[in-house]
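So this one's input10.cif, mmCIF, C-alpha atoms:
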```
data_run
#
loop_
_atom_site.label_atom_id
_atom_site.label_comp_id
_atom_site.auth_asym_id
_atom_site.auth_seq_id
_atom_site.Cartn_x
_atom_site.Cartn_y
_atom_site.Cartn_z
CA MET R 1 120.16 67.35 -199.88
CA LYS R 2 121.04 71.04 -200.09
CA ILE R 3 118.73 71.99 -197.23
CA TYR R 4 120.53 69.63 -194.81
CA TRP R 5 123.86 71.21 -195.67
CA GLN R 6 122.31 74.68 -195.22
CA LEU R 7 120.95 73.69 -191.80
CA PHE R 8 124.38 72.44 -190.76
CA ILE R 9 126.23 75.52 -192.02
CA SER R 10 123.74 77.97 -190.49
CA PHE R 11 124.01 76.37 -187.07
CA PHE R 12 127.76 76.04 -187.41
CA LYS R 13 127.82 79.84 -187.80
CA VAL R 14 125.47 80.25 -184.82
CA GLY R 15 127.73 78.02 -182.69
CA LEU R 16 130.89 79.80 -183.80
CA PHE R 17 129.60 83.28 -182.97
CA THR R 18 127.62 82.58 -179.82
CA PHE R 19 129.41 83.79 -176.71
CA GLY R 20 127.78 82.58 -173.51
CA GLY R 21 125.23 80.20 -175.03
CA GLY R 22 121.45 80.06 -174.74
CA TYR R 23 119.96 83.53 -175.07
CA ALA R 24 123.14 85.01 -176.56
CA MET R 25 122.46 83.13 -179.80
CA LEU R 26 119.08 84.83 -180.27
CA PRO R 27 120.31 87.54 -182.72
CA LEU R 28 121.98 84.88 -184.89
CA LEU R 29 118.84 82.74 -184.86
CA GLN R 30 116.82 85.76 -185.93
CA LYS R 31 119.06 86.17 -188.97
CA GLU R 32 119.71 82.55 -189.88
CA VAL R 33 116.38 80.97 -188.96
CA VAL R 34 113.55 83.52 -188.85
CA ASN R 35 114.67 85.46 -191.93
CA ARG R 36 114.97 82.20 -193.89
CA GLY R 37 111.46 81.18 -192.86
CA TRP R 38 112.55 78.02 -191.04
CA ALA R 39 110.60 79.11 -187.95
CA THR R 40 108.62 82.16 -186.87
CA GLU R 41 109.64 84.46 -184.00
CA ASP R 42 106.83 83.05 -181.86
CA GLU R 43 108.00 79.50 -182.49
CA VAL R 44 111.57 80.38 -181.52
CA LEU R 45 110.26 81.90 -178.29
CA ASP R 46 108.24 78.72 -177.67
CA TYR R 47 111.38 76.61 -178.13
CA TYR R 48 113.12 78.80 -175.57
CA ALA R 49 110.26 78.03 -173.20
CA ILE R 50 110.60 74.28 -173.79
CA GLY R 51 114.44 74.30 -173.63
CA PRO R 52 114.93 74.77 -169.89
CA VAL R 53 112.27 72.23 -168.85
CA THR R 54 113.71 69.41 -170.96
CA PRO R 55 117.00 67.59 -170.28
CA GLY R 56 120.16 69.05 -171.78
CA ILE R 57 121.66 72.38 -172.81
CA VAL R 58 119.12 75.06 -173.83
CA ALA R 59 121.13 76.15 -176.90
CA VAL R 60 121.27 72.55 -178.14
CA ASN R 61 117.59 71.91 -177.44
CA VAL R 62 116.49 75.03 -179.32
CA SER R 63 118.72 74.14 -182.30
CA THR R 64 117.50 70.55 -182.41
CA PHE R 65 113.90 71.76 -182.28
CA ILE R 66 114.38 74.11 -185.24
CA GLY R 67 116.08 71.35 -187.24
CA TYR R 68 113.28 68.92 -186.48
CA LYS R 69 110.61 71.45 -187.41
CA THR R 70 112.32 72.21 -190.73
CA LYS R 71 113.34 68.74 -191.94
CA GLY R 72 112.37 66.03 -189.44
CA TRP R 73 114.86 63.99 -187.44
CA LEU R 74 117.58 64.23 -190.09
CA GLY R 75 117.26 68.02 -190.01
CA ALA R 76 117.51 67.86 -186.22
CA LEU R 77 120.73 65.86 -186.54
CA CYS R 78 122.19 68.49 -188.91
CA THR R 79 121.42 71.44 -186.62
CA LEU R 80 122.64 69.52 -183.57
CA LEU R 81 125.96 68.66 -185.25
CA GLY R 82 126.19 72.23 -186.57
CA ILE R 83 125.82 73.84 -183.15
CA ILE R 84 128.29 71.55 -181.33
CA THR R 85 131.06 71.19 -183.95
CA PRO R 86 132.66 74.67 -183.54
CA SER R 87 132.76 74.21 -179.74
CA VAL R 88 134.36 70.79 -179.99
CA ILE R 89 137.05 72.07 -182.38
CA ILE R 90 137.80 75.30 -180.48
CA ILE R 91 137.87 73.77 -177.01
CA THR R 92 140.02 70.86 -178.21
CA LEU R 93 142.51 73.36 -179.66
CA PHE R 94 142.52 75.38 -176.44
CA ALA R 95 142.84 72.33 -174.22
CA SER R 96 145.65 70.83 -176.29
CA GLY R 97 147.94 73.79 -175.72
CA LEU R 98 146.54 77.03 -177.11
CA LYS R 99 145.62 78.15 -173.59
CA TYR R 100 148.56 80.59 -173.63
CA LEU R 101 146.57 82.68 -176.16
CA TRP R 102 144.62 83.89 -173.16
CA ASP R 103 147.66 85.69 -171.81
CA TYR R 104 147.83 88.02 -174.81
CA PRO R 105 146.21 91.40 -174.01
CA VAL R 106 144.92 91.62 -177.63
CA VAL R 107 142.78 88.51 -177.10
CA ARG R 108 141.41 89.80 -173.82
CA HIS R 109 140.56 93.21 -175.34
CA ALA R 110 138.80 91.53 -178.27
CA PHE R 111 136.64 89.46 -175.96
CA ALA R 112 135.85 92.47 -173.76
CA GLY R 113 134.76 94.26 -176.94
CA ILE R 114 132.52 91.38 -177.99
CA ARG R 115 130.89 91.19 -174.56
CA LEU R 116 129.61 94.73 -175.08
CA VAL R 117 127.91 93.93 -178.40
CA ILE R 118 125.86 90.94 -177.18
CA PRO R 119 123.26 92.87 -175.09
CA ALA R 120 122.97 95.53 -177.82
CA LEU R 121 122.15 92.80 -180.34
CA ILE R 122 119.53 91.17 -178.11
CA ILE R 123 117.66 94.30 -176.94
CA PRO R 124 115.84 95.11 -180.26
CA ILE R 125 114.69 91.49 -180.66
CA LEU R 126 113.61 91.35 -177.06
CA SER R 127 111.54 94.51 -177.21
CA LYS R 128 109.70 93.07 -180.20
CA MET R 129 109.09 89.84 -178.28
CA ILE R 130 107.69 91.70 -175.28
CA ARG R 131 105.38 93.79 -177.45
CA LYS R 132 104.05 90.62 -179.08
CA SER R 133 103.59 88.52 -175.95
CA VAL R 134 102.22 91.16 -173.56
CA PHE R 135 98.82 92.46 -174.63
CA ASP R 136 96.37 92.23 -171.69
CA LYS R 137 96.20 92.47 -167.87
CA PHE R 138 97.08 88.82 -167.36
CA THR R 139 100.20 88.80 -169.55
CA PHE R 140 101.31 92.07 -167.98
CA GLY R 141 100.93 90.49 -164.53
CA ILE R 142 103.03 87.49 -165.59
CA LEU R 143 105.66 89.88 -167.00
CA PHE R 144 105.83 91.80 -163.72
CA PHE R 145 106.12 88.80 -161.42
CA ALA R 146 108.37 86.81 -163.74
CA PHE R 147 110.77 89.74 -163.82
CA LEU R 148 110.95 90.04 -160.02
CA LEU R 149 111.13 86.30 -159.38
CA SER R 150 113.85 85.76 -161.91
CA PHE R 151 115.85 88.91 -161.16
CA PHE R 152 116.09 88.08 -157.45
CA GLU R 153 116.55 84.39 -158.29
CA VAL R 154 113.56 83.36 -156.17
CA LEU R 155 112.46 80.72 -158.67
CA SER R 156 114.73 78.69 -160.91
CA PRO R 157 113.86 78.82 -164.65
CA ILE R 158 112.25 75.37 -164.52
CA TYR R 159 109.72 76.31 -161.82
CA LEU R 160 109.11 79.72 -163.37
CA ILE R 161 108.20 78.08 -166.67
CA ILE R 162 106.04 75.36 -165.13
CA SER R 163 104.11 77.85 -162.94
CA SER R 164 103.50 80.36 -165.74
CA ALA R 165 102.26 77.53 -167.99
CA ILE R 166 99.80 76.46 -165.28
CA LEU R 167 98.72 80.09 -164.80
CA GLY R 168 98.19 80.45 -168.56
CA ILE R 169 95.89 77.42 -168.66
CA SER R 170 93.94 78.47 -165.55
CA CYS R 171 93.44 81.99 -166.84
CA LYS R 172 92.04 80.75 -170.16
CA LEU R 173 89.77 78.26 -168.33
CA ILE R 174 88.40 80.98 -166.05
CA LYS R 175 87.79 83.26 -169.05
CA ARG R 176 85.95 80.48 -170.86
CA LYS R 177 83.73 79.81 -167.83
CA ALA R 178 82.94 83.49 -167.48
CA GLN R 179 81.75 83.71 -171.07
CA MET I 1 137.63 51.50 -170.75
CA ILE I 2 137.91 55.27 -170.39
CA TYR I 3 135.74 56.10 -173.45
CA LEU I 4 132.83 54.01 -172.25
CA THR I 5 133.04 55.56 -168.77
CA LEU I 6 133.18 59.08 -170.26
CA PHE I 7 130.22 58.37 -172.49
CA TYR I 8 128.17 56.89 -169.66
CA GLU I 9 128.97 59.70 -167.19
CA PHE I 10 128.11 62.48 -169.66
CA LEU I 11 125.00 60.66 -170.88
CA LYS I 12 123.79 60.75 -167.27
CA ILE I 13 124.54 64.49 -167.03
CA GLY I 14 122.69 65.10 -170.32
CA LEU I 15 119.70 63.23 -169.00
CA PHE I 16 119.49 64.75 -165.53
CA ALA I 17 120.85 68.30 -165.92
CA VAL I 18 117.65 70.17 -166.69
CA GLY I 19 117.89 73.94 -167.21
CA GLY I 20 120.87 74.52 -169.48
CA GLY I 21 124.65 74.75 -169.33
CA LEU I 22 124.96 76.07 -165.79
CA ALA I 23 122.89 73.16 -164.53
CA THR I 24 125.71 70.79 -165.53
CA ILE I 25 128.18 72.40 -163.07
CA PRO I 26 127.03 70.53 -159.93
CA PHE I 27 127.31 67.27 -161.87
CA LEU I 28 130.83 68.14 -163.01
CA PHE I 29 131.80 68.88 -159.39
CA ASP I 30 130.51 65.45 -158.53
CA LEU I 31 132.80 63.95 -161.20
CA THR I 32 135.87 65.41 -159.45
CA ASN I 33 135.06 63.22 -156.45
CA LYS I 34 134.75 60.07 -158.50
CA PHE I 35 137.48 60.37 -161.18
CA ASP I 36 140.85 62.06 -161.56
CA TRP I 37 140.01 63.64 -164.96
CA PHE I 38 140.29 67.13 -163.52
CA SER I 39 140.51 68.79 -160.09
CA LYS I 40 138.06 71.25 -158.53
CA GLU I 41 140.50 74.11 -159.26
CA GLU I 42 140.75 73.06 -162.89
CA LEU I 43 136.96 72.97 -163.06
CA VAL I 44 136.76 76.61 -161.97
CA SER I 45 139.21 77.70 -164.69
CA MET I 46 137.32 75.47 -167.14
CA ILE I 47 134.11 77.38 -166.37
CA ALA I 48 135.89 80.68 -166.98
CA LEU I 49 137.35 79.44 -170.26
CA SER I 50 134.01 78.03 -171.45
CA GLU I 51 132.25 81.29 -170.72
CA SER I 52 134.54 83.39 -172.89
CA THR I 53 135.04 81.04 -175.84
CA PRO I 54 132.39 80.75 -178.54
CA GLY I 55 129.74 78.08 -178.24
CA PRO I 56 127.23 76.98 -175.62
CA LEU I 57 128.77 76.76 -172.14
CA GLY I 58 127.56 73.21 -171.46
CA ILE I 59 129.08 71.86 -174.67
CA ASN I 60 132.39 73.61 -174.04
CA MET I 61 132.59 72.13 -170.55
CA ALA I 62 131.83 68.61 -171.79
CA THR I 63 134.48 68.81 -174.52
CA TYR I 64 137.06 70.20 -172.09
CA ALA I 65 136.32 67.63 -169.38
CA GLY I 66 136.28 64.78 -171.90
CA PHE I 67 139.59 65.96 -173.36
CA GLN I 68 141.18 65.99 -169.91
CA GLY I 69 139.90 62.46 -169.34
CA GLY I 70 140.59 60.86 -172.73
CA GLY I 71 142.19 63.22 -175.26
CA VAL I 72 140.60 64.38 -178.52
CA LEU I 73 138.36 61.32 -178.86
CA GLY I 74 137.40 61.64 -175.19
CA GLY I 75 136.21 65.20 -175.80
CA ILE I 76 134.08 64.14 -178.74
CA ILE I 77 132.61 61.16 -176.90
CA ALA I 78 131.74 63.18 -173.78
CA THR I 79 129.99 65.81 -175.94
CA VAL I 80 128.01 63.22 -177.90
CA GLY I 81 127.00 61.58 -174.62
CA LEU I 82 125.83 64.93 -173.25
CA VAL I 83 123.61 65.86 -176.19
CA MET I 84 122.17 62.42 -176.98
CA PRO I 85 119.31 62.37 -174.43
CA ALA I 86 118.23 65.89 -175.48
CA PHE I 87 118.17 64.86 -179.15
CA PHE I 88 115.65 62.06 -178.55
CA VAL I 89 113.58 64.01 -176.04
CA ILE I 90 113.31 67.02 -178.37
CA ILE I 91 112.31 64.88 -181.36
CA PHE I 92 109.62 63.30 -179.21
CA ILE I 93 108.34 66.69 -177.99
CA GLY I 94 108.72 68.16 -181.50
CA LYS I 95 106.30 65.57 -182.90
CA PHE I 96 103.81 66.47 -180.20
CA TYR I 97 104.29 70.24 -180.58
CA GLU I 98 103.88 70.28 -184.38
CA LYS I 99 100.69 68.27 -184.07
CA PHE I 100 99.04 70.22 -181.28
CA LYS I 101 100.54 73.72 -181.45
CA ASP I 102 97.29 75.21 -182.74
CA SER I 103 95.13 73.46 -180.15
CA SER I 104 93.62 75.69 -177.47
CA ILE I 105 95.39 73.89 -174.60
CA ILE I 106 98.90 74.43 -176.07
CA GLN I 107 97.97 77.99 -177.01
CA SER I 108 96.90 78.75 -173.44
CA ILE I 109 100.13 77.23 -172.08
CA PHE I 110 102.22 79.54 -174.27
CA TYR I 111 99.91 82.48 -173.50
CA GLY I 112 101.32 82.31 -169.96
CA LEU I 113 104.80 81.19 -170.99
CA ARG I 114 105.80 83.80 -173.57
CA PRO I 115 105.80 86.82 -171.23
CA ALA I 116 107.68 84.78 -168.60
CA VAL I 117 110.36 83.68 -171.07
CA SER I 118 110.80 87.21 -172.42
CA MET I 119 111.40 88.38 -168.83
CA MET I 120 113.96 85.61 -168.28
CA ILE I 121 115.83 86.95 -171.32
CA THR I 122 115.49 90.53 -169.99
CA VAL I 123 116.99 89.50 -166.66
CA PHE I 124 119.79 87.71 -168.54
CA ILE I 125 120.66 90.94 -170.38
CA ILE I 126 120.59 93.00 -167.19
CA LYS I 127 122.91 90.51 -165.48
CA VAL I 128 125.27 90.52 -168.47
CA CYS I 129 125.40 94.33 -168.25
CA MET I 130 126.10 94.11 -164.50
CA VAL I 131 128.99 91.70 -165.17
CA ILE I 132 130.37 94.03 -167.85
CA VAL I 133 130.33 96.96 -165.41
CA GLU I 134 131.97 94.79 -162.74
CA LEU I 135 134.73 93.64 -165.12
CA THR I 136 135.51 97.14 -166.41
CA PRO I 137 138.80 98.11 -164.73
CA ASP I 138 138.42 101.91 -164.50
CA PHE I 139 135.97 104.79 -164.81
CA ASN I 140 137.30 106.07 -168.18
CA ARG I 141 136.75 102.71 -169.82
CA LEU I 142 133.29 102.53 -168.30
CA ILE I 143 132.32 105.81 -169.97
CA ILE I 144 133.83 104.66 -173.29
CA SER I 145 131.97 101.36 -173.01
CA ALA I 146 128.67 103.08 -172.29
CA GLY I 147 129.17 105.36 -175.32
CA LEU I 148 130.05 102.41 -177.54
CA PHE I 149 127.04 100.49 -176.30
CA VAL I 150 124.66 103.31 -177.30
CA CYS I 151 126.37 103.55 -180.73
CA TYR I 152 126.01 99.79 -181.27
CA LEU I 153 122.35 99.93 -180.32
CA LEU I 154 121.66 102.78 -182.76
CA LEU I 155 123.59 101.05 -185.56
CA ILE I 156 121.77 97.76 -184.96
CA LEU I 157 118.37 99.46 -184.98
CA ARG I 158 119.25 101.41 -188.13
CA TYR I 159 121.10 98.82 -190.25
CA LYS I 160 120.03 95.22 -190.68
CA CYS I 161 123.56 93.78 -190.97
CA HIS I 162 124.33 90.22 -189.97
CA PRO I 163 125.01 89.90 -186.19
CA ILE I 164 128.41 88.40 -187.06
CA PHE I 165 129.39 91.79 -188.52
CA PHE I 166 128.62 93.54 -185.23
CA ILE I 167 130.42 90.86 -183.19
CA LEU I 168 133.55 91.33 -185.32
CA LEU I 169 133.16 95.12 -185.05
CA GLY I 170 132.99 94.70 -181.27
CA ALA I 171 136.21 92.69 -181.28
CA VAL I 172 138.02 95.30 -183.40
CA MET I 173 136.80 98.18 -181.21
CA GLY I 174 137.83 96.24 -178.11
CA ILE I 175 141.37 95.90 -179.44
CA LEU I 176 141.61 99.49 -180.69
CA LEU I 177 140.30 101.06 -177.46
CA LYS I 178 142.02 98.49 -175.20
CA LEU I 179 138.79 97.65 -173.36
#
```

For the structure just supplied, provide its representation as structure tokens.
Amino acid sequence: MKIYWQLFISFFKVGLFTFGGGYAMLPLLQKEVVNRGWATEDEVLDYYAIGPVTPGIVAVNVSTFIGYKTKGWLGALCTLLGIITPSVIIITLFASGLKYLWDYPVVRHAFAGIRLVIPALIIPILSKMIRKSVFDKFTFGILFFAFLLSFFEVLSPIYLIISSAILGISCKLIKRKAQ
Amino acid sequence: MIYLTLFYEFLKIGLFAVGGGLATIPFLFDLTNKFDWFSKEELVSMIALSESTPGPLGINMATYAGFQGGGVLGGIIATVGLVMPAFFVIIFIGKFYEKFKDSSIIQSIFYGLRPAVSMMITVFIIKVCMVIVELTPDFNRLIISAGLFVCYLLLILRYKCHPIFFILLGAVMGILLKL
């Protein structure tokens, strides 16, 4: 029973301190999920690959996946409820009249300060991810083209993911034939 | 019955918006043509609000839109409708992934996917940094921000504190330095 509560609380924290959604929750996942042994770094990266090609919000999909992996469908329900509850409470409060908070300079300064921390938190995790996933000519090629295509918004995330999956399979097939 | 309509409309968005929070925006624009829950102008300010409050963008938007349509319960129902398709799809994929993740076909898919996803995250960080620079009102603050950013990065690399600590530190520094 305790593990379900832990899953809920961990993802409640992730939801409460994620500004911008999706990738911005990566540092919190590292702390709450990877360090607890609920999923490995590679698995989290895999969930991020699956997130944008399945229906729904990436942050929710990744959370549900981790919950399912840890404790089946009930675990998935706990992480899902955990990630959405803070949003529902905060937005309901804002919408029902706390919108004037936005006019206070203190609030705006605080959020500007937070915005600056998010990239600094992600960069160390990201550099580790790149070092782990790029180790030969092929993966370096994918890295290069994926960067250009996504920076200049040539391909939407869905097509980028589908095409690099197809390239991954074809590359392995060609290698196997060559052997 | 407003609740049933809200649930049905957001269930559809959850099922067909593939690619994360931003992918729900065209669907929400479509809602403004069909219902009087919120206007197009309100939608734009909703997007701004959802981006700077904690929590995944897509969830924030659903709660806000549902609240405008049907109060507190409306917000909850819209959010549940939005995440329900993803919940079942992810559990289905999760079963498959756990069973076959060590198979050579899944491994070769992720061999191509991992570098691509790490580049999508890289591009996300670069774009966040570009937005921060754009939003910084003057040159002095830009220099201060750049200095702070380097300090954060060094602190994060050196000390393994919880990300929440750094986020709160960012908020405090933002208020103190009037960012």

Extract, using only C-alpha atoms, all DNA, RNA and protein residues at most 12 Å from Met130 in chain I, discarding same-chain residues fewer than 3 positions from it, and format them as an MDAnalysis selection string.
(chainID R and resid 115:116 119 151) or (chainID I and resid 123:127 133:136 142)

As an exercise, work out the distance from CA of Tyr111 in chain I to CA of Phe145 in chain R in Å and give it to one decimal place.
15.0 Å

Non-local contacts of Lys31 in chain R (12 Å; all atoms listed in the file; under 3 positions in same chain excluded) as a ChimeraX atom specification:
/R:10-11,13-14,25-28,34-41,121-122,125 /I:160-165

Could you work out how far CA of Lys95 in chain I lies from CA of Arg176 in chain R, giving the answer in Å with one decimal?
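Those two atoms sit 28.0 Å apart.
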
Taking only C-alpha atoms into account, which of R:Ile83, R:Ile57, R:Leu93, R:Leu148 comes nearest chain I?
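Checking each candidate against chain I, we get R:Ile57 as the closest.
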
Output of range 82-96 of chain I limited to C-alpha atoms, as a PDB file, in the first residue's frame:
```
ATOM      1  CA  LEU I  82      -8.299  14.607 -21.566  1.00  0.00           C
ATOM      2  CA  VAL I  83      -6.068  12.063 -19.820  1.00  0.00           C
ATOM      3  CA  MET I  84      -8.322   9.002 -20.053  1.00  0.00           C
ATOM      4  CA  PRO I  85      -7.404   7.857 -23.596  1.00  0.00           C
ATOM      5  CA  ALA I  86      -3.675   8.219 -22.809  1.00  0.00           C
ATOM      6  CA  PHE I  87      -4.063   6.128 -19.644  1.00  0.00           C
ATOM      7  CA  PHE I  88      -5.445   3.124 -21.532  1.00  0.00           C
ATOM      8  CA  VAL I  89      -3.118   3.500 -24.511  1.00  0.00           C
ATOM      9  CA  ILE I  90      -0.036   3.711 -22.271  1.00  0.00           C
ATOM     10  CA  ILE I  91      -1.060   0.663 -20.229  1.00  0.00           C
ATOM     11  CA  PHE I  92      -1.502  -1.245 -23.474  1.00  0.00           C
ATOM     12  CA  ILE I  93       1.893  -0.130 -24.818  1.00  0.00           C
ATOM     13  CA  GLY I  94       3.483  -0.640 -21.376  1.00  0.00           C
ATOM     14  CA  LYS I  95       2.501  -4.325 -21.412  1.00  0.00           C
ATOM     15  CA  PHE I  96       4.073  -4.684 -24.838  1.00  0.00           C
TER      16      PHE I  96
END
```
